[in-house]
Amino acid sequence: MNKRANFFKFLGMLFGIGFVCLIFSPVFSTENNKGLIGMSLPASFRAFSDDSPWNTPIPEAPEIDRYSSKMIKNLKDTAEIIKGDTVKWTMPLFVIDSNACPWISIESVKGELYFTVDPHGKGIAKNIPMPEGVWPDPEQDAHMILVDPKVGTVWEFSQAYRDRHGTWTASIIDIWDLNGTGCRRPFNGSRWWRSGANGGGTPLIGGLIRPEEIEAGEIRHALLCATPINRKSEHYRGAVELCAPASRSDGYGYGAKYIPEGARIQLDPNLNLDSLELCEGSKTVARAMQKYGMIVGDNARTFKIYFQNLGPDGGPWENYDHFKDLQNIPVEAFRILKCNTVTIKKARRKAMGTRYEE
């Protein structure tokens, strides 16, 4: 009897395990994450071509903007310090195999998208690869980046949201060629105001800081940054101004003391970083600020740069105390490099000599 009872008990256990696996198999099935590779790229990875503005080192004696001191003083007065965002108000980046992903259509909640993404003006981006397991930044901007290095393409999103039925929406969906220059002609084409997933119409991936770069001790590109109250125009009610590689602007400040979007901010290359009590990770960031600078891509409440969002606990960013020591870098040690500001009128005359991705 004991053997028979144990036999039936064993069968019951098998049935129970099988039942649990049947119920929860969708959660653990690899089919759900089909096409999702992970969140890591090699330290050597660099978005866009070598001659891209994102990847070009600043020359030894660059021209400084004539209003640089005025803009930096205003930046110091409004932001006080520079900081880095690691777990919110930044961007998660997911590496995908787009050929293995489900391909979906995503509707813009704003009703319009950039003409290369939505050529028919329907407000719908078609054929977007979207694996299970990806998620946007938790804050209002809800940015998200999907990158497929094998096909050389990056898909970027603003205000991305997935409802309980699995339907994705976003305010902006944009697509960039990783082999291109990472910039577009300012105010170009129909619906130019929908270019890029940030206020300056720049790619997000070009200036995002990844953990592999910090671990390698070298960042080989300019950083994406945001500053408070960016310039709309030097003159009250004047034409909207920007600098390449920005393609549009959401600046709203009138006057020369405000920084135009697309401007490049450089940390004084003669500044002794060892005097600032920075951790090694923050020194790596500061060296990139000196060599490549930072490109203004958005308005923010603070002066900040963007680290890859690796989850709510910050993952490896915890090892660097989330780069809080960046505030030791004095804001007055930065300078604004000269750029030929562009307005819609100038852009349409094709007055700039930069090569653009169309």
# chains A, B, ... in the order shown; residues from 1 in each chain; ligands from 1

$ select_by_dssp --residues "range 258-326 of chain A" --states "strand (DSSP E)" --output "MDAnalysis selection string"
chainID A and resid 264:267 294:299 303:306

$ select_by_dssp --residues "range 201-245 of chain A" --states "alpha helix (DSSP H)" --output "NGL selection string"
:A and (211-216)

$ residues_around --residues "Ile128 in chain A" --least-positions-apart "5" --cutoff "7 Å" --atoms "only C-alpha atoms" --output "PyMOL selection string"
chain A and resi 103-105

$ closest_atom_pairs --of "range 154-192 of chain A" --to "range 111-126 of chain A" --cutoff "9 Å" --atoms "only C-alpha atoms" --output "tab-separated table"
residue	atom	partner	partner_atom	distance
A:Ser171	CA	A:Gly111	CA	8.0
A:Ile172	CA	A:Leu113	CA	6.4
A:Ile173	CA	A:Ala125	CA	6.9
A:Asp174	CA	A:Val117	CA	6.4
A:Ile175	CA	A:Val117	CA	6.9
A:Gly189	CA	A:Phe115	CA	7.2
A:Ser190	CA	A:Phe115	CA	6.0
A:Arg191	CA	A:Tyr114	CA	5.5
A:Trp192	CA	A:Tyr114	CA	6.3

$ residues_around --residues "Pro312 in chain A" --least-positions-apart "2" --cutoff "10 Å" --atoms "only C-alpha atoms" --output "VMD selection string"
chain A and resid 86 to 88 137 to 138 309 to 310 314 to 315

$ write_last_selection --atoms "N, CA and C atoms" --output "PDB file, in the first residue's frame"
ATOM      1  N   THR A  86      21.109  58.513 -14.583  1.00  0.00           N
ATOM      2  CA  THR A  86      21.403  57.101 -14.772  1.00  0.00           C
ATOM      3  C   THR A  86      20.179  56.194 -14.716  1.00  0.00           C
ATOM      4  N   VAL A  87      19.158  56.538 -13.931  1.00  0.00           N
ATOM      5  CA  VAL A  87      18.018  55.630 -13.754  1.00  0.00           C
ATOM      6  C   VAL A  87      16.682  56.237 -14.164  1.00  0.00           C
ATOM      7  N   LYS A  88      16.650  57.507 -14.480  1.00  0.00           N
ATOM      8  CA  LYS A  88      15.430  58.133 -14.985  1.00  0.00           C
ATOM      9  C   LYS A  88      15.796  59.393 -15.740  1.00  0.00           C
ATOM     10  N   ASP A 137      12.175  54.516 -20.603  1.00  0.00           N
ATOM     11  CA  ASP A 137      12.503  55.221 -19.363  1.00  0.00           C
ATOM     12  C   ASP A 137      11.207  55.534 -18.616  1.00  0.00           C
ATOM     13  N   PRO A 138      11.205  55.469 -17.274  1.00  0.00           N
ATOM     14  CA  PRO A 138       9.960  55.606 -16.522  1.00  0.00           C
ATOM     15  C   PRO A 138       9.381  57.011 -16.449  1.00  0.00           C
ATOM     16  N   ASN A 309      20.226  53.905 -19.279  1.00  0.00           N
ATOM     17  CA  ASN A 309      19.355  53.412 -18.208  1.00  0.00           C
ATOM     18  C   ASN A 309      19.425  51.886 -18.208  1.00  0.00           C
ATOM     19  N   LEU A 310      19.938  51.313 -17.125  1.00  0.00           N
ATOM     20  CA  LEU A 310      20.106  49.864 -17.010  1.00  0.00           C
ATOM     21  C   LEU A 310      19.138  49.243 -16.020  1.00  0.00           C
ATOM     22  N   GLY A 314      20.083  50.895 -11.180  1.00  0.00           N
ATOM     23  CA  GLY A 314      21.268  51.472 -11.799  1.00  0.00           C
ATOM     24  C   GLY A 314      22.310  50.469 -12.241  1.00  0.00           C
ATOM     25  N   GLY A 315      22.181  49.207 -11.820  1.00  0.00           N
ATOM     26  CA  GLY A 315      23.151  48.191 -12.235  1.00  0.00           C
ATOM     27  C   GLY A 315      24.571  48.626 -11.906  1.00  0.00           C
TER      28      GLY A 315
END

$ closest_residue --among "A:Asp298, A:Asp65, A:Tyr236, A:Pro59" --to "Asp141 in chain A" --atoms "only C-alpha atoms"
A:Asp298

$ residues_around --residues "Glu156 in chain A" --least-positions-apart "6" --cutoff "10 Å" --atoms "only C-alpha atoms" --output "number ranges by chain"
A: 91, 93, 143-147, 172-176, 196-198, 203-205

$ decode --residues "range 145-175 of chain A" --atoms "N, CA and C atoms" --output "PDB file, in the first residue's frame"
ATOM      1  N   ILE A 145      15.680  53.185 -26.938  1.00  0.00           N
ATOM      2  CA  ILE A 145      16.524  52.986 -28.115  1.00  0.00           C
ATOM      3  C   ILE A 145      16.602  51.497 -28.424  1.00  0.00           C
ATOM      4  N   LEU A 146      16.362  51.132 -29.680  1.00  0.00           N
ATOM      5  CA  LEU A 146      16.590  49.780 -30.175  1.00  0.00           C
ATOM      6  C   LEU A 146      17.661  49.861 -31.245  1.00  0.00           C
ATOM      7  N   VAL A 147      18.700  49.028 -31.130  1.00  0.00           N
ATOM      8  CA  VAL A 147      19.792  49.088 -32.101  1.00  0.00           C
ATOM      9  C   VAL A 147      20.120  47.691 -32.610  1.00  0.00           C
ATOM     10  N   ASP A 148      20.262  47.580 -33.921  1.00  0.00           N
ATOM     11  CA  ASP A 148      20.702  46.343 -34.561  1.00  0.00           C
ATOM     12  C   ASP A 148      22.011  46.636 -35.276  1.00  0.00           C
ATOM     13  N   PRO A 149      23.146  46.328 -34.640  1.00  0.00           N
ATOM     14  CA  PRO A 149      24.441  46.635 -35.266  1.00  0.00           C
ATOM     15  C   PRO A 149      24.665  45.880 -36.569  1.00  0.00           C
ATOM     16  N   LYS A 150      24.089  44.697 -36.699  1.00  0.00           N
ATOM     17  CA  LYS A 150      24.326  43.894 -37.903  1.00  0.00           C
ATOM     18  C   LYS A 150      23.744  44.547 -39.149  1.00  0.00           C
ATOM     19  N   VAL A 151      22.586  45.167 -39.013  1.00  0.00           N
ATOM     20  CA  VAL A 151      21.983  45.839 -40.172  1.00  0.00           C
ATOM     21  C   VAL A 151      22.274  47.337 -40.165  1.00  0.00           C
ATOM     22  N   GLY A 152      22.962  47.822 -39.116  1.00  0.00           N
ATOM     23  CA  GLY A 152      23.367  49.222 -39.071  1.00  0.00           C
ATOM     24  C   GLY A 152      22.220  50.197 -38.909  1.00  0.00           C
ATOM     25  N   THR A 153      21.256  49.857 -38.062  1.00  0.00           N
ATOM     26  CA  THR A 153      20.074  50.707 -37.898  1.00  0.00           C
ATOM     27  C   THR A 153      19.741  50.885 -36.426  1.00  0.00           C
ATOM     28  N   VAL A 154      19.276  52.081 -36.085  1.00  0.00           N
ATOM     29  CA  VAL A 154      18.796  52.351 -34.731  1.00  0.00           C
ATOM     30  C   VAL A 154      17.415  52.969 -34.821  1.00  0.00           C
ATOM     31  N   TRP A 155      16.508  52.501 -33.959  1.00  0.00           N
ATOM     32  CA  TRP A 155      15.153  53.016 -33.855  1.00  0.00           C
ATOM     33  C   TRP A 155      15.049  53.721 -32.514  1.00  0.00           C
ATOM     34  N   GLU A 156      14.577  54.963 -32.515  1.00  0.00           N
ATOM     35  CA  GLU A 156      14.511  55.749 -31.288  1.00  0.00           C
ATOM     36  C   GLU A 156      13.098  56.258 -31.054  1.00  0.00           C
ATOM     37  N   PHE A 157      12.729  56.338 -29.774  1.00  0.00           N
ATOM     38  CA  PHE A 157      11.348  56.639 -29.396  1.00  0.00           C
ATOM     39  C   PHE A 157      11.310  57.700 -28.303  1.00  0.00           C
ATOM     40  N   SER A 158      10.285  58.516 -28.368  1.00  0.00           N
ATOM     41  CA  SER A 158       9.959  59.451 -27.295  1.00  0.00           C
ATOM     42  C   SER A 158       8.535  59.176 -26.841  1.00  0.00           C
ATOM     43  N   GLN A 159       8.318  59.238 -25.531  1.00  0.00           N
ATOM     44  CA  GLN A 159       7.010  58.971 -24.922  1.00  0.00           C
ATOM     45  C   GLN A 159       6.443  57.633 -25.412  1.00  0.00           C
ATOM     46  N   ALA A 160       7.311  56.636 -25.381  1.00  0.00           N
ATOM     47  CA  ALA A 160       6.895  55.285 -25.769  1.00  0.00           C
ATOM     48  C   ALA A 160       6.045  54.680 -24.657  1.00  0.00           C
ATOM     49  N   TYR A 161       4.993  53.998 -25.050  1.00  0.00           N
ATOM     50  CA  TYR A 161       4.072  53.416 -24.061  1.00  0.00           C
ATOM     51  C   TYR A 161       3.444  52.158 -24.631  1.00  0.00           C
ATOM     52  N   ARG A 162       3.375  51.124 -23.801  1.00  0.00           N
ATOM     53  CA  ARG A 162       2.711  49.888 -24.190  1.00  0.00           C
ATOM     54  C   ARG A 162       1.526  49.662 -23.266  1.00  0.00           C
ATOM     55  N   ASP A 163       0.323  49.533 -23.825  1.00  0.00           N
ATOM     56  CA  ASP A 163      -0.857  49.340 -22.986  1.00  0.00           C
ATOM     57  C   ASP A 163      -1.011  47.877 -22.582  1.00  0.00           C
ATOM     58  N   ARG A 164      -2.025  47.594 -21.794  1.00  0.00           N
ATOM     59  CA  ARG A 164      -2.195  46.245 -21.247  1.00  0.00           C
ATOM     60  C   ARG A 164      -2.544  45.221 -22.317  1.00  0.00           C
ATOM     61  N   HIS A 165      -2.917  45.693 -23.478  1.00  0.00           N
ATOM     62  CA  HIS A 165      -3.208  44.786 -24.589  1.00  0.00           C
ATOM     63  C   HIS A 165      -1.969  44.515 -25.453  1.00  0.00           C
ATOM     64  N   GLY A 166      -0.869  45.175 -25.110  1.00  0.00           N
ATOM     65  CA  GLY A 166       0.369  44.970 -25.862  1.00  0.00           C
ATOM     66  C   GLY A 166       0.563  45.929 -27.013  1.00  0.00           C
ATOM     67  N   THR A 167      -0.295  46.945 -27.134  1.00  0.00           N
ATOM     68  CA  THR A 167      -0.193  47.914 -28.229  1.00  0.00           C
ATOM     69  C   THR A 167       0.757  49.043 -27.855  1.00  0.00           C
ATOM     70  N   TRP A 168       1.704  49.313 -28.746  1.00  0.00           N
ATOM     71  CA  TRP A 168       2.672  50.383 -28.524  1.00  0.00           C
ATOM     72  C   TRP A 168       2.201  51.681 -29.189  1.00  0.00           C
ATOM     73  N   THR A 169       2.442  52.789 -28.500  1.00  0.00           N
ATOM     74  CA  THR A 169       2.285  54.125 -29.083  1.00  0.00           C
ATOM     75  C   THR A 169       3.519  54.940 -28.688  1.00  0.00           C
ATOM     76  N   ALA A 170       3.707  56.066 -29.330  1.00  0.00           N
ATOM     77  CA  ALA A 170       4.808  56.961 -28.990  1.00  0.00           C
ATOM     78  C   ALA A 170       4.486  58.334 -29.552  1.00  0.00           C
ATOM     79  N   SER A 171       5.166  59.355 -29.062  1.00  0.00           N
ATOM     80  CA  SER A 171       4.982  60.685 -29.660  1.00  0.00           C
ATOM     81  C   SER A 171       5.870  60.812 -30.890  1.00  0.00           C
ATOM     82  N   ILE A 172       7.099  60.270 -30.802  1.00  0.00           N
ATOM     83  CA  ILE A 172       8.030  60.292 -31.930  1.00  0.00           C
ATOM     84  C   ILE A 172       8.651  58.913 -32.097  1.00  0.00           C
ATOM     85  N   ILE A 173       8.734  58.450 -33.321  1.00  0.00           N
ATOM     86  CA  ILE A 173       9.515  57.284 -33.700  1.00  0.00           C
ATOM     87  C   ILE A 173      10.441  57.759 -34.814  1.00  0.00           C
ATOM     88  N   ASP A 174      11.732  57.545 -34.654  1.00  0.00           N
ATOM     89  CA  ASP A 174      12.666  57.960 -35.690  1.00  0.00           C
ATOM     90  C   ASP A 174      13.673  56.854 -35.945  1.00  0.00           C
ATOM     91  N   ILE A 175      14.244  56.855 -37.137  1.00  0.00           N
ATOM     92  CA  ILE A 175      15.166  55.807 -37.566  1.00  0.00           C
ATOM     93  C   ILE A 175      16.432  56.469 -38.104  1.00  0.00           C
TER      94      ILE A 175
END
